[in-house]
Structure formats: structure tokens, C-alpha cells
Amino acid sequence: MRVGLTMKLWETGREKTDVIVERFTAQDDLPLDEALARYDVLGSLAHAAMLQKIGVLTAEEHCRLRGALLELLDQKLTLSVEDEDIHTKIENLLVARLGELGQKLHTGRSRNDQVLADLRLYAKERLQEIALELLALAEALAEFAQKHEFVPMPGYTHTRRAMPASVGLWAAAFSESLLDDVKLVKAVYELNDASPLGAAAGYGVPLALDRALTAELLGFKAVQRNALAAMNSRGKLEFATVSALGSVMLTIGRLADDLVWFSSEEFGFFEIPERFCTGSSLMPNKTNPDLLELIRARVARVVSAGGAVALVVHGLTSGYHRDLQETKEPFMKSLLTTRDCLAVLSRLIPELRVNEAKLRAACSAEIFAVDRVLEEVQRGVPFRKAYQNLKRELSALRVPNLKDALKKRAHLGGPGNLQLDVLKSEIERAHREWRVERERYLKTLDRLIHQ
Ligand code: ARG
């Protein structure tokens with residue numbers, strides 16, 4: 001029988017797994033599992049503490065296991081196909097280090113609930129980062145809006161000039177959309193904030209596991225009660241999470257698209273500092289907005305990841321299936337992609353230069369047509385009649401005082417009444433909430449590690 005560092009947890013030793021099987025089942029997953037190593041060790045620390053509490057491990061055994069796990073926590077683990085996965089690698093390392101004691105750790109759990117817990121912890125941390133980045137961007141946009149609140153800018157429909165608007169309205173619009181997105185992020189964070197540990201293979205075990213304890217030690221707010229529901233949430237939770245991220249990406253993809261256009265020679269409304277641009281290998285005259293173009297394109301990555309996850313989950317019967325491993329990559333990558341796009345934008349926005357002359361020049365007379373029509377209406381002319389009168393005299397329109405025109409749009413949410421202080425206090429409140437959550441979470445892990 002083959003015993004040693006690369007043995008599978010389920011191997012009998014009768015026949016060695018074909019290398020083609022090892023490669024096919026593990027290869028793509030290895031870098032992802034390496035990124036999960038830390039969470040796997042944290043989960044094991046909590047599981048070991050629980051096993052001691054319910055009498056499966058003695059205090060001395062728990063102490064030795066803890067010591068070995070803590071050493072692994074600081075190591076960068078690299079996997080190869082013979083290791084199969086991170087759970088196997090860590091168990092093999094523990095067995096090599098502690099002998100039989102290492103073989104006790106897996107009591108009352110399965111890799112199925114283990115990988116769920118790893119992914120939940122990974123998602124929670126990335127979602128915290130995403131929420132904080134998202135709010136930093138919302139804040140940067142609100143500041144930008146305030147600084148340029150009454151700088152006129154045409155509003156477009158059908159990509160044609162439509163109405164007078166402002167840089168303030170444009171920037172605050174994205175800030176407000178991001179506040180909607182942060183609500184979605186919060187909802188999926190809560191779903192990820194329930195511990196699956198103890199579900200084992202999806203059917204529980206004949207042992208008095210203390211699931212509330214492992215949940216608490218890992219900083220989970222709740223336990224996913226029904227063992228099978230916990231198992232069946234694999235992939236579905238990923239889908240919900242990636243969908244929320246898709247919404248974030250749709251918001252910032254549009255922001256990136258606006259910026260690509262509005263910073264072009266054709267518009268010239270904004271200027272992107274050169275250090276955020278790239279050049280052409282052929283044309284010395286060019287500075288290109290590659291950064292923004294890639295953000296725009298990465299919407300596809302995240303939104304299609306939702307489809308990829310849903311298609312894996314769709315059609316699976318209850319319980320664990322190896323298919324579910326395929327949801328790992330779109331899930332983990334979407335979290336990183338979204339976080340990184342947000343981080344880039346929140347650094348760019350405060351640096352964006354505004355060309356007020358170009359913006360004013362683009363506010364041509366015809367976009368004030370509705371202003372004139374509504375003046376007629378106020379004198380008692382029915383709207384449709386005033387509209388038709390004006391349509392015949394479009395060429396006579398003149399550009400009015402731009403600031404006055406904006407201030408007249410004084411209803412709630414109009415360019416003259418953006419209520420930026422309300423927006424900013426909402427952002428600040430959400431920011432505080434997420435900072436508190438992040439602190440609470442980090443403190444809990446710190447306790448688990450240093451107890
Ligand atoms: N790599 C596996 C996954 O991501 C871990 C769980 C394996 N469980 C099993 N029963 N083969 O799903």
C-alpha cells in the first residue's frame with residue numbers, strides 16, 4: 001500500500017490512480033485551491049476546537065493539532081496533481097507531521113462541507129473588500145459631482161443631444177447606482193455568512209457535532225441548518241453572488257464606456273491623466289484609454305460567469321456532485337475581477353480633469369427647446385400646442401444662462417436639486433457599517449488564531 005505525502009484520502013492502495021485521471025480532475029483546480037489554503041486551515045482550526053469540546057479529541061491532541069495547523073497558516077502551499085486538492089494536501093501534511101493524530105481531524109466532516117466553508121470565507125472577505133471599494137468609488141463620484149455640480153453638460157438620449165444637464169447629475173447618477181449595488185452585495189454577503197460546516201456529505205453524521213460553535217469561531221452569523229440544504233446551496237449561492245457582482249459590473253462598465261467617449265477628441269469633456277493611459281506601438285500621436293476599455297469588456301467576464309455557474313447547477317439532483325467544482329473558477333475570478341475594476345476606478349475618478357469650455361460649447365441652443373415649450377405652458381398654452389409651435393421655430397432658439405437653466409430643474413433629483421448631502425451621508429453610513437463588519441470579522445479570526 002502506498003502511504004505518504006501524496007496519497008488520496010480515499011485510496012485503497014490496490015491500484016494507483018491513472019495519471020490521466022489525476023490531471024483531468026485536479027489540474028485546473030489547483031491554483032484556485034491554493035488560494036483557498038488559508039481558509040481551509042482556518043476551518044480546520046475551528047473544527048478541531050469543536051472536536052475537543054465534544055470529546056473526540058483530548059485537550060493535548062487538540063493543542064498539538066492546533067500547533068501544526070498554525071504553522072501551515074503561515075506557509076504558502078503549492079499543489080500538484082497528485083495532491084488532488086487542498087483538503088487532501090493539508091491532511092497529508094498533518095499526518096506526515098503528527099502521525100495518527102493527523103488522521104483524527106477529518107472526524108465528522110467531508111470535503112463537501114469543507115470546500116463550502118472555504119468558499120464562504122473566501123467570498124466573505126472578497127465581498128467586504130468589494131463593498132469598501134465600491135463605497136470608495138461612490139464617495140469619489142459624489143465628491144466629483146459636488147465639485148462640478150453646476151458645470152453644464154448635455155444629457156443624451158439615443159446618443160443624441162437631448163436636454164441640458166450637468167457634470168454633477170452625471171457623476172452623482174453613478175454614485176447612486178453604486179449605492180443600489182451595495183445593497184445587492186449586502187444581501188449576498190448575508191447568504192455567504194452562514195456556516196455549512198457539519199453538513200458533512202450533505203446528510204449529517206451520527207456524532208453530536210456542535211455546529212453553532214464552529215460557526216461562531218469562524219465569524220459566521222448563522223448556521224445553514226438543514227444539512228442537505230447546505231449542500232444544495234453550492235452553486236446557487238455562487239450564482240446569486242456572481243449576479244450581484246454582475247450588477248456592479250454593469251454600473252461601472254457603463255461609467256467606463258461614458259468615459260471612453262467623453263474623453264475622446266470628439267467630445268473632449270474630460271481628460272484622463274496620462275499615467276492612466278497607454279500608447280500605440282505605431283502611432284506616436286495616440287494616448288489610449290485601454291484601462292477603461294478592459295473594464296468595459298470585463299463586464300462580459302462577470303456576467304457570463306453567472307451563466308456558467310447556473311448551467312453547471314441546472315439539472316443536478318440533490319446532494320454533492322463533482323460538477324460543482326466547475327463553479328469555483330467563475331465564482332472566485334468574478335470576485336477578484338470586480339474588486340480590481342472598482343479599485344482602479346476609485347483611483348481614477350478624483351484625477352479626472354474637466355474641460356468646462358468644451359462642455360459649455362456642447363450645450364447648443366436646440367437642447368433648450370423643452371424649456372421654451374414649458375414657458376409657453378406656464379402662460380396657459382396646452383403642452384402639445386406649445387410643442388408644435390416650437391417645432392416650427394427651432395432655428396430661432398438661443399442658449400440661455402446655463403446655470404439658471406440648471407437651477408430651474410429644482411424638483412427632487414433634477415440637476416438643480418441633486419441633494420448631494422443626502423447621497424453623501426448615505427454613503428458614509430454604509431461605509432461605516434462595512435468597516436464595522438470587517439473589523440468584527442478580522443477580530444473573530446484573530447481570536448481563533450491566537451486564543
Ligand atoms: N475539489 C472538490 C470540489 O471543489 C472538493 C470536494 C470533493 N468531494 C468529493 N466528494 N469528491 O468540489
# chains A, B, ... in the order shown; residues from 1 in each chain; ligands from 1

$ select_by_dssp --residues "segment 179-278 of chain A" --states "strand (DSSP E or B)" --output "NGL selection string"
:A and (194-195 or 222-223 or 270-271 or 278)

$ residues_near_ligand --ligand "ligand 1" --cutoff "7 Å" --atoms "only C-alpha atoms and all ligand atoms" --output "PyMOL selection string"
chain A and resi 85+111-112+115+320+322+324-325+328

$ residues_around --residues "Val248 of chain A" --least-positions-apart "5" --cutoff "8 Å" --atoms "only C-alpha atoms" --output "compact mmCIF listing (two decimals) with N, CA, C and O atoms, in the first residue's frame"
# COMPACT_ATOMS: atom_id res chain seq x y z
N LEU A 178 -24.35 52.87 -7.61
CA LEU A 178 -23.46 52.02 -6.81
C LEU A 178 -24.05 51.76 -5.42
O LEU A 178 -23.85 50.70 -4.84
N ASP A 181 -26.20 48.94 -5.83
CA ASP A 181 -25.41 47.72 -5.96
C ASP A 181 -24.90 47.23 -4.60
O ASP A 181 -24.82 46.03 -4.36
N THR A 338 -14.14 41.97 -10.14
CA THR A 338 -14.98 43.09 -9.71
C THR A 338 -14.23 44.00 -8.74
O THR A 338 -14.22 45.22 -8.88

$ closest_residue --among "A:Ser195, A:Thr159, A:Ser346, A:Gln451" --to "Phe220 of chain A" --atoms "only C-alpha atoms"
A:Ser195

$ atom_distance --atom1 "atom CA of Glu356 of chain A" --atom2 "atom CA of Lys403 of chain A"
12.7 Å

$ residues_around --residues "segment 183-187 of chain A" --least-positions-apart "3" --cutoff "6 Å" --atoms "only C-alpha atoms" --output "PDB file with N, CA, C and O atoms, in the first residue's frame"
ATOM      1  N   ASP A 180     -27.181  51.342  -4.884  1.00  0.00           N
ATOM      2  CA  ASP A 180     -28.107  50.225  -5.114  1.00  0.00           C
ATOM      3  C   ASP A 180     -27.326  48.912  -5.139  1.00  0.00           C
ATOM      4  O   ASP A 180     -27.732  47.908  -4.545  1.00  0.00           O
ATOM      5  N   GLU A 190     -24.885  38.306   3.255  1.00  0.00           N
ATOM      6  CA  GLU A 190     -25.638  37.623   4.317  1.00  0.00           C
ATOM      7  C   GLU A 190     -25.826  36.145   4.006  1.00  0.00           C
ATOM      8  O   GLU A 190     -25.750  35.300   4.888  1.00  0.00           O
ATOM      9  N   ALA A 244     -25.008  39.479  -8.292  1.00  0.00           N
ATOM     10  CA  ALA A 244     -24.856  40.793  -7.648  1.00  0.00           C
ATOM     11  C   ALA A 244     -23.625  41.501  -8.206  1.00  0.00           C
ATOM     12  O   ALA A 244     -23.653  42.704  -8.484  1.00  0.00           O
TER      13      ALA A 244
END

$ residues_around --residues "Lys104 of chain A" --least-positions-apart "3" --cutoff "10 Å" --atoms "only C-alpha atoms" --output "PyMOL selection string"
chain A and resi 48+51+56-57+61+65+91+94-95+99-101+107-108

$ write_last_selection --atoms "all heavy atoms" --output "mmCIF file, in the first residue's frame"
data_model
loop_
_atom_site.group_PDB
_atom_site.id
_atom_site.type_symbol
_atom_site.label_atom_id
_atom_site.label_comp_id
_atom_site.auth_asym_id
_atom_site.auth_seq_id
_atom_site.Cartn_x
_atom_site.Cartn_y
_atom_site.Cartn_z
ATOM 1 N N ALA A 48 -11.318 21.473 14.756
ATOM 2 C CA ALA A 48 -10.542 20.786 15.796
ATOM 3 C C ALA A 48 -10.994 21.238 17.189
ATOM 4 O O ALA A 48 -11.153 20.407 18.097
ATOM 5 C CB ALA A 48 -9.054 21.064 15.602
ATOM 6 N N LEU A 51 -14.134 19.503 17.910
ATOM 7 C CA LEU A 51 -13.945 18.073 18.209
ATOM 8 C C LEU A 51 -13.451 17.876 19.648
ATOM 9 O O LEU A 51 -13.815 16.908 20.303
ATOM 10 C CB LEU A 51 -12.952 17.447 17.222
ATOM 11 C CG LEU A 51 -13.444 17.253 15.786
ATOM 12 C CD1 LEU A 51 -12.355 16.612 14.921
ATOM 13 C CD2 LEU A 51 -14.723 16.418 15.723
ATOM 14 N N VAL A 56 -14.097 14.258 21.097
ATOM 15 C CA VAL A 56 -13.438 13.400 20.104
ATOM 16 C C VAL A 56 -11.916 13.536 20.224
ATOM 17 O O VAL A 56 -11.176 12.581 20.008
ATOM 18 C CB VAL A 56 -13.911 13.748 18.672
ATOM 19 C CG1 VAL A 56 -13.106 13.013 17.611
ATOM 20 C CG2 VAL A 56 -15.398 13.431 18.518
ATOM 21 N N LEU A 57 -11.456 14.736 20.556
ATOM 22 C CA LEU A 57 -10.021 14.964 20.763
ATOM 23 C C LEU A 57 -9.780 15.325 22.219
ATOM 24 O O LEU A 57 -10.620 15.994 22.843
ATOM 25 C CB LEU A 57 -9.529 16.132 19.897
ATOM 26 C CG LEU A 57 -9.558 15.994 18.383
ATOM 27 C CD1 LEU A 57 -9.158 17.317 17.730
ATOM 28 C CD2 LEU A 57 -8.635 14.876 17.910
ATOM 29 N N GLU A 61 -4.330 16.552 22.454
ATOM 30 C CA GLU A 61 -4.378 16.294 21.000
ATOM 31 C C GLU A 61 -4.765 17.568 20.250
ATOM 32 O O GLU A 61 -4.182 17.900 19.222
ATOM 33 C CB GLU A 61 -5.396 15.186 20.699
ATOM 34 C CG GLU A 61 -4.903 13.794 21.062
ATOM 35 C CD GLU A 61 -5.990 12.728 20.857
ATOM 36 O OE1 GLU A 61 -7.185 13.025 21.063
ATOM 37 O OE2 GLU A 61 -5.622 11.597 20.496
ATOM 38 N N LEU A 65 -2.596 19.475 17.366
ATOM 39 C CA LEU A 65 -3.180 19.716 16.031
ATOM 40 C C LEU A 65 -3.187 21.211 15.708
ATOM 41 O O LEU A 65 -2.842 21.634 14.603
ATOM 42 C CB LEU A 65 -4.618 19.196 15.996
ATOM 43 C CG LEU A 65 -4.839 17.850 15.305
ATOM 44 C CD1 LEU A 65 -6.286 17.407 15.482
ATOM 45 C CD2 LEU A 65 -4.493 17.909 13.817
ATOM 46 N N GLU A 91 -4.381 17.458 4.928
ATOM 47 C CA GLU A 91 -4.475 16.273 5.787
ATOM 48 C C GLU A 91 -3.190 15.447 5.688
ATOM 49 O O GLU A 91 -2.657 14.975 6.702
ATOM 50 C CB GLU A 91 -5.696 15.417 5.420
ATOM 51 C CG GLU A 91 -5.822 14.221 6.363
ATOM 52 C CD GLU A 91 -7.159 13.490 6.296
ATOM 53 O OE1 GLU A 91 -8.194 14.155 6.065
ATOM 54 O OE2 GLU A 91 -7.158 12.256 6.462
ATOM 55 N N LEU A 94 -0.503 17.000 7.715
ATOM 56 C CA LEU A 94 -0.723 16.800 9.153
ATOM 57 C C LEU A 94 -0.363 15.382 9.571
ATOM 58 O O LEU A 94 0.241 15.161 10.629
ATOM 59 C CB LEU A 94 -2.186 17.097 9.519
ATOM 60 C CG LEU A 94 -2.621 18.570 9.434
ATOM 61 C CD1 LEU A 94 -4.125 18.698 9.665
ATOM 62 C CD2 LEU A 94 -1.855 19.423 10.454
ATOM 63 N N VAL A 95 -0.723 14.424 8.720
ATOM 64 C CA VAL A 95 -0.410 13.024 9.040
ATOM 65 C C VAL A 95 1.107 12.817 9.041
ATOM 66 O O VAL A 95 1.662 12.163 9.931
ATOM 67 C CB VAL A 95 -1.115 12.061 8.050
ATOM 68 C CG1 VAL A 95 -0.645 10.618 8.260
ATOM 69 C CG2 VAL A 95 -2.632 12.138 8.226
ATOM 70 N N GLY A 99 1.384 11.934 12.570
ATOM 71 C CA GLY A 99 1.019 10.515 12.543
ATOM 72 C C GLY A 99 -0.481 10.330 12.731
ATOM 73 O O GLY A 99 -1.280 11.101 12.187
ATOM 74 N N GLU A 100 -0.845 9.376 13.585
ATOM 75 C CA GLU A 100 -2.254 9.017 13.769
ATOM 76 C C GLU A 100 -3.143 10.189 14.168
ATOM 77 O O GLU A 100 -4.306 10.268 13.774
ATOM 78 C CB GLU A 100 -2.360 7.931 14.833
ATOM 79 C CG GLU A 100 -2.982 6.685 14.270
ATOM 80 C CD GLU A 100 -3.048 5.560 15.282
ATOM 81 O OE1 GLU A 100 -3.300 5.852 16.467
ATOM 82 O OE2 GLU A 100 -2.854 4.412 14.861
ATOM 83 N N LEU A 101 -2.565 11.093 14.937
ATOM 84 C CA LEU A 101 -3.366 12.253 15.371
ATOM 85 C C LEU A 101 -3.885 13.040 14.159
ATOM 86 O O LEU A 101 -5.033 13.487 14.141
ATOM 87 C CB LEU A 101 -2.516 13.153 16.286
ATOM 88 C CG LEU A 101 -3.156 14.480 16.715
ATOM 89 C CD1 LEU A 101 -4.502 14.248 17.416
ATOM 90 C CD2 LEU A 101 -2.219 15.256 17.624
ATOM 91 N N THR A 107 -12.703 13.610 11.371
ATOM 92 C CA THR A 107 -13.874 13.028 12.032
ATOM 93 C C THR A 107 -15.074 13.980 11.913
ATOM 94 O O THR A 107 -14.972 15.150 12.287
ATOM 95 C CB THR A 107 -13.592 12.813 13.545
ATOM 96 O OG1 THR A 107 -12.332 12.183 13.679
ATOM 97 C CG2 THR A 107 -14.689 11.988 14.194
ATOM 98 N N GLY A 108 -16.171 13.481 11.390
ATOM 99 C CA GLY A 108 -17.401 14.279 11.385
ATOM 100 C C GLY A 108 -17.446 15.337 10.304
ATOM 101 O O GLY A 108 -18.243 16.269 10.364
#

$ select_by_dssp --residues "segment 10-173 of chain A" --states "helix (DSSP H, G or I)" --output "ChimeraX atom specification"
/A:19-53,59-73,81-83,86-104,111-147,167-173

$ closest_residue --among "A:Ala430, A:Leu218, A:Ala230, A:Val167" --to "Glu139 of chain A" --atoms "only C-alpha atoms"
A:Ala430

$ residues_around --residues "segment 389-402 of chain A" --least-positions-apart "2" --cutoff "9 Å" --atoms "only C-alpha atoms" --output "ChimeraX atom specification"
/A:150-152,164,360,363-370,372-373,384-387,404-407

$ closest_residue --among "A:Ser243, A:Asn92, A:Asn417, A:Ser334" --to "Ala310 of chain A" --atoms "only C-alpha atoms"
A:Ser243

$ atom_distance --atom1 "atom CA of Glu238 of chain A" --atom2 "atom CA of Asp290 of chain A"
29.6 Å

$ residues_around --residues "Asp258 of chain A" --least-positions-apart "2" --cutoff "12 Å" --atoms "only C-alpha atoms" --output "PyMOL selection string"
chain A and resi 155-156+159+170-171+174+251-256+260-264+267-270+289+292-293+295-296

$ write_last_selection --atoms "C-alpha atoms" --output "PDB file, in the first residue's frame"
ATOM      1  CA  GLY A 155     -27.856  64.989 -21.493  1.00  0.00           C
ATOM      2  CA  TYR A 156     -28.159  62.411 -24.261  1.00  0.00           C
ATOM      3  CA  THR A 159     -26.695  59.082 -28.284  1.00  0.00           C
ATOM      4  CA  TRP A 170     -23.887  62.601 -14.460  1.00  0.00           C
ATOM      5  CA  ALA A 171     -21.384  61.754 -11.719  1.00  0.00           C
ATOM      6  CA  PHE A 174     -23.211  56.571 -10.930  1.00  0.00           C
ATOM      7  CA  THR A 251     -22.786  50.042 -13.461  1.00  0.00           C
ATOM      8  CA  ILE A 252     -19.053  50.538 -13.781  1.00  0.00           C
ATOM      9  CA  GLY A 253     -18.933  49.186 -17.329  1.00  0.00           C
ATOM     10  CA  ARG A 254     -21.264  51.999 -18.312  1.00  0.00           C
ATOM     11  CA  LEU A 255     -19.170  54.508 -16.398  1.00  0.00           C
ATOM     12  CA  ALA A 256     -16.103  53.245 -18.277  1.00  0.00           C
ATOM     13  CA  VAL A 260     -14.088  56.388 -23.170  1.00  0.00           C
ATOM     14  CA  TRP A 261     -16.417  58.532 -25.248  1.00  0.00           C
ATOM     15  CA  PHE A 262     -16.407  61.720 -23.214  1.00  0.00           C
ATOM     16  CA  SER A 263     -12.597  61.789 -23.118  1.00  0.00           C
ATOM     17  CA  SER A 264     -12.290  61.291 -26.889  1.00  0.00           C
ATOM     18  CA  PHE A 267     -16.284  65.174 -27.076  1.00  0.00           C
ATOM     19  CA  GLY A 268     -13.288  66.369 -25.064  1.00  0.00           C
ATOM     20  CA  PHE A 269     -15.407  66.811 -21.913  1.00  0.00           C
ATOM     21  CA  PHE A 270     -12.958  65.046 -19.639  1.00  0.00           C
ATOM     22  CA  PRO A 289      -7.950  54.508 -22.650  1.00  0.00           C
ATOM     23  CA  LEU A 292     -11.428  51.769 -19.327  1.00  0.00           C
ATOM     24  CA  GLU A 293     -11.895  49.520 -22.329  1.00  0.00           C
ATOM     25  CA  ILE A 295     -13.176  47.376 -17.500  1.00  0.00           C
ATOM     26  CA  ARG A 296     -15.949  47.639 -20.083  1.00  0.00           C
TER      27      ARG A 296
END

$ closest_residue --among "A:Gly235, A:Pro154, A:Leu121, A:Val223" --to "Gly315 of chain A" --atoms "only C-alpha atoms"
A:Gly235

$ closest_residue --among "A:Lys53, A:Arg409, A:His321, A:Arg38" --to "Lys76 of chain A" --atoms "only C-alpha atoms"
A:Arg38
